[in-house]
Every structure is written in structure tokens, then in C-alpha cells.
>>> print(open('final_18.csv').read())   # CSV, C-alpha atoms
chain,number,residue,atom,x,y,z
A,142,MET,CA,-47.2,-112.6,-1.0
A,143,THR,CA,-46.1,-114.7,-4.0
A,144,TYR,CA,-48.9,-117.1,-3.5
A,145,GLY,CA,-51.6,-114.4,-3.9
A,146,ILE,CA,-49.9,-112.7,-6.9
A,147,ALA,CA,-49.4,-116.0,-8.7
A,148,TYR,CA,-53.0,-117.2,-8.1
A,149,ALA,CA,-54.4,-113.9,-9.1
A,150,THR,CA,-52.4,-113.7,-12.2
A,151,VAL,CA,-53.4,-117.1,-13.6
A,152,SER,CA,-57.1,-116.5,-12.6
A,153,CYS,CA,-57.1,-113.3,-14.6
A,154,LEU,CA,-55.3,-114.8,-17.6
A,155,GLY,CA,-57.5,-117.8,-17.6
A,156,ALA,CA,-60.6,-115.6,-17.8
A,157,TRP,CA,-59.0,-113.6,-20.5
A,158,GLU,CA,-58.2,-116.7,-22.6
A,159,ALA,CA,-61.8,-117.9,-22.2
A,160,GLY,CA,-62.9,-114.5,-23.5
A,161,ARG,CA,-60.7,-114.9,-26.5
A,162,LEU,CA,-62.2,-118.4,-27.1
A,163,ARG,CA,-65.7,-117.0,-27.0
A,164,ARG,CA,-64.9,-114.0,-29.2
A,165,ASP,CA,-63.0,-116.0,-31.9
A,166,ASP,CA,-65.5,-118.9,-31.7
A,167,VAL,CA,-62.8,-121.4,-32.2
A,168,ARG,CA,-64.9,-124.2,-30.8
A,169,HIS,CA,-67.0,-124.3,-34.0
A,170,LEU,CA,-63.9,-124.4,-36.2
A,171,ALA,CA,-62.8,-127.7,-34.8
A,172,PRO,CA,-65.9,-129.5,-33.5
A,173,VAL,CA,-64.2,-132.9,-33.3
A,174,ARG,CA,-61.6,-131.6,-30.8
A,175,SER,CA,-62.5,-132.2,-27.1
A,176,ARG,CA,-63.4,-129.2,-25.1
A,177,TYR,CA,-60.9,-130.2,-22.5
A,178,ARG,CA,-58.1,-130.4,-25.1
A,179,THR,CA,-58.9,-126.9,-26.3
A,180,ALA,CA,-58.9,-125.6,-22.8
A,181,SER,CA,-55.7,-127.3,-21.9
A,182,ALA,CA,-54.0,-125.8,-25.0
A,183,LEU,CA,-55.1,-122.3,-24.0
A,184,LEU,CA,-54.3,-122.7,-20.4
A,185,PHE,CA,-50.8,-124.2,-20.9
A,186,PRO,CA,-49.0,-120.8,-21.2
A,187,VAL,CA,-51.1,-119.4,-18.3
A,188,VAL,CA,-50.0,-122.3,-16.0
A,189,VAL,CA,-46.4,-122.0,-17.1
A,190,THR,CA,-46.5,-118.3,-16.3
A,191,GLY,CA,-47.8,-119.0,-12.8
A,192,TRP,CA,-45.2,-121.7,-12.2
A,193,LEU,CA,-42.4,-119.4,-13.3
A,194,MET,CA,-43.6,-116.7,-10.8
A,195,LEU,CA,-43.4,-119.3,-8.0
A,196,PHE,CA,-40.2,-121.0,-9.0
A,197,LEU,CA,-38.4,-117.7,-9.7
A,198,SER,CA,-39.1,-116.5,-6.2
A,199,ILE,CA,-38.1,-119.8,-4.7
A,200,ALA,CA,-34.8,-119.8,-6.7
A,201,LEU,CA,-34.0,-116.3,-5.6
A,202,ALA,CA,-34.6,-117.1,-1.9
A,203,LEU,CA,-32.4,-120.2,-2.2
A,204,LEU,CA,-29.7,-118.2,-3.9
A,205,GLN,CA,-29.9,-115.5,-1.2
A,206,GLU,CA,-29.6,-118.1,1.7
A,207,GLY,CA,-27.0,-120.2,-0.1
A,208,VAL,CA,-28.9,-123.5,0.3
A,209,VAL,CA,-30.2,-126.2,-2.0
A,210,PRO,CA,-33.7,-127.7,-1.9
A,211,THR,CA,-34.3,-131.1,-0.4
A,212,PHE,CA,-37.0,-133.7,-1.1
A,213,ASP,CA,-38.8,-132.8,2.1
A,214,SER,CA,-39.2,-129.2,0.9
A,215,LEU,CA,-41.1,-130.2,-2.3
A,216,PRO,CA,-44.6,-130.8,-0.9
A,217,LEU,CA,-45.3,-127.1,-0.3
A,218,VAL,CA,-44.0,-126.3,-3.8
A,219,ALA,CA,-46.2,-129.0,-5.3
A,220,MET,CA,-49.2,-127.6,-3.4
A,221,ALA,CA,-48.7,-124.1,-4.8
A,222,ALA,CA,-48.1,-125.5,-8.3
A,223,GLY,CA,-51.3,-127.5,-8.1
A,224,LEU,CA,-53.3,-124.5,-7.0
A,225,VAL,CA,-51.9,-122.5,-9.9
A,226,VAL,CA,-53.6,-125.0,-12.2
A,227,ALA,CA,-56.8,-125.0,-10.2
A,228,HIS,CA,-57.0,-121.2,-10.2
A,229,SER,CA,-56.4,-121.1,-14.0
A,230,VAL,CA,-59.3,-123.5,-14.5
A,231,ILE,CA,-61.6,-121.5,-12.3
A,232,GLY,CA,-60.7,-118.3,-14.1
A,233,PHE,CA,-61.2,-120.0,-17.5
A,234,ALA,CA,-64.6,-121.4,-16.4
A,235,LEU,CA,-65.9,-118.1,-15.2
A,236,GLY,CA,-64.6,-116.3,-18.3
A,237,LEU,CA,-66.8,-118.5,-20.5
A,238,PHE,CA,-69.9,-116.9,-19.0
A,239,VAL,CA,-68.7,-113.5,-17.9
A,240,PRO,CA,-67.2,-110.9,-20.3
A,241,SER,CA,-63.4,-111.0,-19.9
A,242,LEU,CA,-63.2,-107.2,-19.4
A,243,ILE,CA,-65.2,-107.8,-16.2
A,244,ALA,CA,-64.1,-111.2,-15.1
A,245,SER,CA,-60.3,-110.7,-15.5
A,246,PRO,CA,-59.9,-107.6,-13.2
A,247,VAL,CA,-62.5,-108.9,-10.7
A,248,LEU,CA,-60.8,-112.2,-10.4
A,249,ALA,CA,-57.3,-110.6,-10.1
A,250,VAL,CA,-58.4,-108.4,-7.3
A,251,SER,CA,-60.7,-110.8,-5.4
A,252,VAL,CA,-58.2,-113.7,-5.6
A,253,PHE,CA,-55.3,-111.6,-4.4
A,254,PHE,CA,-57.1,-110.1,-1.5
A,255,THR,CA,-58.8,-113.4,-0.5
A,256,VAL,CA,-55.5,-115.3,-0.4
A,257,SER,CA,-53.3,-112.5,1.0
A,258,GLY,CA,-55.8,-111.2,3.4
A,259,ALA,CA,-56.8,-114.5,5.0
A,260,VAL,CA,-54.2,-114.0,7.7
A,261,ALA,CA,-55.9,-110.9,8.9
A,262,THR,CA,-59.3,-112.5,9.6
A,263,ALA,CA,-60.6,-112.8,13.2
A,264,GLU,CA,-61.2,-116.5,12.9
A,265,PRO,CA,-58.0,-118.5,12.2
A,266,TRP,CA,-59.5,-121.2,10.0
A,267,PRO,CA,-59.6,-119.2,6.7
A,268,ARG,CA,-55.8,-118.9,6.6
A,269,HIS,CA,-55.5,-122.7,6.5
A,270,MET,CA,-57.7,-123.1,3.4
A,271,THR,CA,-56.7,-120.4,0.9
A,272,GLY,CA,-53.6,-121.8,-0.5
A,273,ALA,CA,-51.0,-119.5,1.2
A,274,TYR,CA,-49.2,-121.6,3.9
A,275,PRO,CA,-49.3,-119.3,6.9
A,276,ALA,CA,-46.4,-120.6,9.0
A,277,PHE,CA,-42.7,-120.0,8.9
A,278,LEU,CA,-41.0,-123.4,9.2
A,279,GLY,CA,-38.0,-123.6,11.5
A,280,TYR,CA,-35.1,-125.9,11.3
A,281,GLY,CA,-36.2,-129.5,11.2
A,282,GLU,CA,-39.9,-128.6,10.8
A,283,LEU,CA,-42.1,-129.7,7.9
A,284,ALA,CA,-45.7,-129.0,6.9
A,285,THR,CA,-48.0,-131.9,7.6
A,286,TRP,CA,-49.9,-133.6,4.9
A,287,THR,CA,-53.2,-132.7,6.5
A,288,SER,CA,-52.3,-129.0,6.4
A,289,ILE,CA,-51.3,-129.2,2.7
A,290,ALA,CA,-54.6,-131.1,1.9
A,291,ALA,CA,-56.7,-128.4,3.6
A,292,HIS,CA,-55.2,-125.8,1.2
A,293,LEU,CA,-55.7,-128.0,-1.8
A,294,MET,CA,-59.2,-129.3,-1.2
A,295,PRO,CA,-61.5,-126.1,-1.5
A,296,THR,CA,-59.9,-124.6,-4.6
A,297,GLY,CA,-59.1,-127.9,-6.2
A,298,GLY,CA,-62.7,-129.2,-5.6
A,299,LEU,CA,-64.1,-126.0,-7.1
A,300,ALA,CA,-61.9,-126.3,-10.1
A,301,VAL,CA,-62.8,-130.0,-10.7
A,302,GLY,CA,-66.5,-129.2,-10.2
A,303,LEU,CA,-66.5,-126.4,-12.8
A,304,ALA,CA,-64.6,-128.7,-15.2
A,305,LEU,CA,-67.2,-131.4,-14.8
A,306,LEU,CA,-70.0,-129.0,-15.8
A,307,TRP,CA,-68.6,-129.0,-19.3
A,308,LEU,CA,-69.8,-132.6,-19.6
A,309,ALA,CA,-73.4,-131.4,-19.3
A,310,ARG,CA,-73.3,-129.4,-22.5
A,311,PRO,CA,-76.4,-128.9,-24.7
A,312,GLY,CA,-77.2,-132.0,-26.6
A,313,ALA,CA,-75.9,-134.4,-24.0
A,314,PRO,CA,-78.3,-137.1,-22.7
A,315,HIS,CA,-80.8,-135.9,-20.1
A,316,TRP,CA,-79.4,-138.1,-17.4
A,317,VAL,CA,-75.9,-136.5,-18.0
A,318,ARG,CA,-77.3,-132.9,-17.8
A,319,LEU,CA,-79.1,-133.9,-14.5
A,320,THR,CA,-76.4,-136.0,-12.9
A,321,VAL,CA,-73.2,-134.0,-13.7
A,322,PRO,CA,-74.3,-130.6,-12.0
A,323,THR,CA,-75.5,-132.5,-9.0
A,324,LEU,CA,-72.2,-134.4,-8.8
A,325,ALA,CA,-70.2,-131.2,-9.2
A,326,CYS,CA,-72.1,-129.4,-6.4
A,327,VAL,CA,-71.6,-132.4,-4.1
A,328,LEU,CA,-67.9,-132.5,-4.9
A,329,VAL,CA,-67.5,-128.8,-4.2
A,330,ALA,CA,-69.4,-128.9,-0.9
A,331,ALA,CA,-67.6,-132.0,0.3
A,332,SER,CA,-64.2,-130.6,-0.5
A,333,VAL,CA,-64.9,-127.3,1.3
A,334,LEU,CA,-66.6,-128.9,4.3
A,335,GLY,CA,-63.9,-131.6,4.5
A,336,ALA,CA,-61.2,-128.9,4.6
A,337,TYR,CA,-63.1,-127.0,7.3
A,338,ARG,CA,-63.4,-130.1,9.4
A,339,ILE,CA,-59.7,-130.5,9.3
A,340,VAL,CA,-58.8,-127.0,10.3
A,341,ARG,CA,-61.7,-125.9,12.5
A,342,ASP,CA,-59.9,-126.5,15.8
A,343,TRP,CA,-56.5,-125.1,14.7
A,344,GLY,CA,-55.1,-121.9,16.0
A,345,PRO,CA,-53.3,-119.2,14.0
A,346,GLN,CA,-50.4,-121.7,13.2
A,347,PRO,CA,-50.9,-125.0,11.5
A,348,PRO,CA,-49.5,-128.2,13.1
A,349,VAL,CA,-46.0,-129.0,11.9
A,350,SER,CA,-43.9,-132.1,12.0
A,351,HIS,CA,-40.8,-131.6,14.2
A,352,ALA,CA,-37.3,-133.1,14.4
A,353,ARG,CA,-37.2,-134.2,10.7
A,354,VAL,CA,-33.4,-133.7,10.4
A,355,ALA,CA,-30.6,-135.5,12.1
A,356,ALA,CA,-28.7,-133.5,14.7
A,357,PHE,CA,-25.1,-134.4,15.6
A,358,PRO,CA,-23.4,-132.7,18.5
A,359,SER,CA,-19.8,-131.5,18.1
A,360,GLY,CA,-17.2,-129.9,20.3
A,361,GLU,CA,-16.9,-130.3,24.1
A,362,VAL,CA,-19.9,-128.1,25.0
A,363,PRO,CA,-22.5,-128.8,22.3
>>> encode(input="final_18.csv", output="C-alpha cells")
Amino acid sequence: MTYGIAYATVSCLGAWEAGRLRRDDVRHLAPVRSRYRTASALLFPVVVTGWLMLFLSIALALLQEGVVPTFDSLPLVAMAAGLVVAHSVIGFALGLFVPSLIASPVLAVSVFFTVSGAVATAEPWPRHMTGAYPAFLGYGELATWTSIAAHLMPTGGLAVGLALLWLARPGAPHWVRLTVPTLACVLVAASVLGAYRIVRDWGPQPPVSHARVAAFPSGEVP
């Protein structure tokens, strides 16, 4: 549940910040500043908000169970943190072209239901690509790197592709305006298809790595 809420929130806020940028026309007030620098400054508080939503829920869960995190538990946290950045970029990119009063609520609803509702699909593969890890890890089990990559690739590829389109701005050389959109489309298609090839044969549960903790018997009848 926290995955969907965090991703939906940053997508919505990213689109809203892009709408403010369009409305205030800040880009023409500082033409020497890179577009990416302007976007990163606007998205920084959005990303921090998403990270706080994730980290607060993790901290409360650890406090409730009375345990401390280990190094092996960090990849899933890093996956979610990276996807927060990707969703904020996607929301910001769409907000540059669609009015924020439309883009923000549409993104909030669509991202939440896409991420949270993937586990209810008839085919199992969508749940392995939306950024919400669908398995409960037992004692000594860890998420595999391929299962983490499958979640990162579609959304991350789309975010990078949309960010690349900013290079093909009006006034750029003709070869840039021709090459960059093609490269962006190829990147998005390759990331989505690559993730699908990874997960297409998986069942409802992703593969996990077993026996990743040491077990020591104790007592006479362990």
C-alpha cells in the first residue's frame, strides 16, 4: 500500500510543480540556467516528501517488530527510493504539457491503482513490473537482483526517456531533434520489453534467494 501512495503522491506533486513553472514562466527569467537544474530544484522537495513517506512506514514497522535493518534489507528500500525519483520525473514531464489541474489528479489516481491493483490482474507478470514488490519475505529470504531490476526498468526507462526529450528543444540542431526522440523511444521500449522478458515465466510470487542467514542449533532437541 505504501508503494502506491508514495508513487502517486510524487507523480501528482511533480505535475503540479511543472504547472507552476509554466504559469510563472521562470524559465525565461534565468535563461542561462540548465533546464535540468531548474527541474531538479523544483523536484527536490517532492522527492524528499516521497522518501519520508517510505522511510516513516519502514521505521514504524521496525519499531513495532523490535528489529534493526541489515545491509541485505536495503536493496528493496533503494528500489522504492529510486522509483520515487522516476515517478516525480514522469509527473513533471507530463505537467509541462498538460494543465496541472488535469494532470495532477489523473496521475494520482492512475498511478495508485496501477501499482496497487497489479496484484489483482489475471496474468501474474504485471505485479512484477510496477514497483510494488509482491512477496512477503520469510526468515533468511532475500529479493533477487533480477526481481528488483524488473521493477526498476519500465518506470525508470520511461523517466529517462522523457528527460532526454528536453534535449530536443526548439532551436537545437536538426540532428539532435531527430536523434533524441528516437533514442528515447528505443530506450523506453527496450526497458519495458526487457523487464517483460525477465518476468514472463514467473508465477504469482517472484523468485527469492534462500538461506541467507546463518542458523545455529541450540539445546538437546533443536
>>> residues_around(input="final_18.csv", residues="stretch 285-289 of chain A", least_positions_apart="6", cutoff="12 Å", atoms="only C-alpha atoms", output="PyMOL selection string")
chain A and resi 213-221+223-224+266+268-276+278+295+297+335-341+343+346-351+353
>>> residues_around(input="final_18.csv", residues="A:Tyr177", least_positions_apart="3", cutoff="10 Å", atoms="all atoms listed in the file", output="ChimeraX atom specification")
/A:174,180-183,304,307-308
>>> axis_aligned_box(input="final_18.csv", around="stretch 322-339 of chain A", padding_each_side="6 Å", output="lines of an AutoDock Vina configuration file")
center_x = -67.6
center_y = -130.7
center_z = -1.3
size_x = 27.8
size_y = 19.4
size_z = 33.4
>>> residues_around(input="final_18.csv", residues="A:Phe185", least_positions_apart="2", cutoff="12 Å", atoms="only C-alpha atoms", output="compact mmCIF listing (two decimals) with C-alpha atoms, in the frame of the given file")
# COMPACT_ATOMS: atom_id res chain seq x y z
CA VAL A 151 -53.40 -117.10 -13.60
CA LEU A 154 -55.30 -114.80 -17.60
CA GLY A 155 -57.50 -117.80 -17.60
CA GLU A 158 -58.20 -116.70 -22.60
CA TYR A 177 -60.90 -130.20 -22.50
CA ARG A 178 -58.10 -130.40 -25.10
CA THR A 179 -58.90 -126.90 -26.30
CA ALA A 180 -58.90 -125.60 -22.80
CA SER A 181 -55.70 -127.30 -21.90
CA ALA A 182 -54.00 -125.80 -25.00
CA LEU A 183 -55.10 -122.30 -24.00
CA VAL A 187 -51.10 -119.40 -18.30
CA VAL A 188 -50.00 -122.30 -16.00
CA VAL A 189 -46.40 -122.00 -17.10
CA THR A 190 -46.50 -118.30 -16.30
CA GLY A 191 -47.80 -119.00 -12.80
CA TRP A 192 -45.20 -121.70 -12.20
CA VAL A 225 -51.90 -122.50 -9.90
CA VAL A 226 -53.60 -125.00 -12.20
CA SER A 229 -56.40 -121.10 -14.00
CA VAL A 230 -59.30 -123.50 -14.50
CA PHE A 233 -61.20 -120.00 -17.50
>>> atom_distance(input="final_18.csv", atom1="atom CA of A:Arg164", atom2="atom CA of A:Ala249")
20.8 Å
>>> closest_residue(input="final_18.csv", among="A:Leu324, A:Leu162, A:Val301, A:Leu283", to="A:Thr211", atoms="all atoms listed in the file")
A:Leu283
>>> closest_residue(input="final_18.csv", among="A:Leu305, A:Leu328, A:Cys153, A:Ala147", to="A:Leu197", atoms="all atoms listed in the file")
A:Ala147
>>> atom_distance(input="final_18.csv", atom1="atom CA of A:Val208", atom2="atom CA of A:Ala291")
28.4 Å
>>> atom_distance(input="final_18.csv", atom1="atom CA of A:Ser251", atom2="atom CA of A:Gly236")
14.6 Å
>>> residues_near_point(input="final_18.csv", point="(-65.3, -126.7, -7.3)", cutoff="12 Å", atoms="all atoms listed in the file", output="VMD selection string")
chain A and resid 227 to 228 230 to 232 234 to 235 293 to 306 322 to 334
>>> closest_residue(input="final_18.csv", among="A:Ala259, A:His292, A:Gly281, A:Ala222", to="A:Tyr148", atoms="only C-alpha atoms")
A:Ala222
>>> residues_around(input="final_18.csv", residues="stretch 242-248 of chain A", least_positions_apart="4", cutoff="6 Å", atoms="all atoms listed in the file", output="list of chain:residue names")
A:Cys153, A:Ala156, A:Trp157, A:Val252
>>> closest_residue(input="final_18.csv", among="A:Leu319, A:Leu203, A:Ala284, A:Met194", to="A:Gly145", atoms="all atoms listed in the file")
A:Met194
>>> closest_residue(input="final_18.csv", among="A:Pro265, A:Phe212, A:Tyr280, A:Ala159", to="A:Arg176", atoms="all atoms listed in the file")
A:Ala159
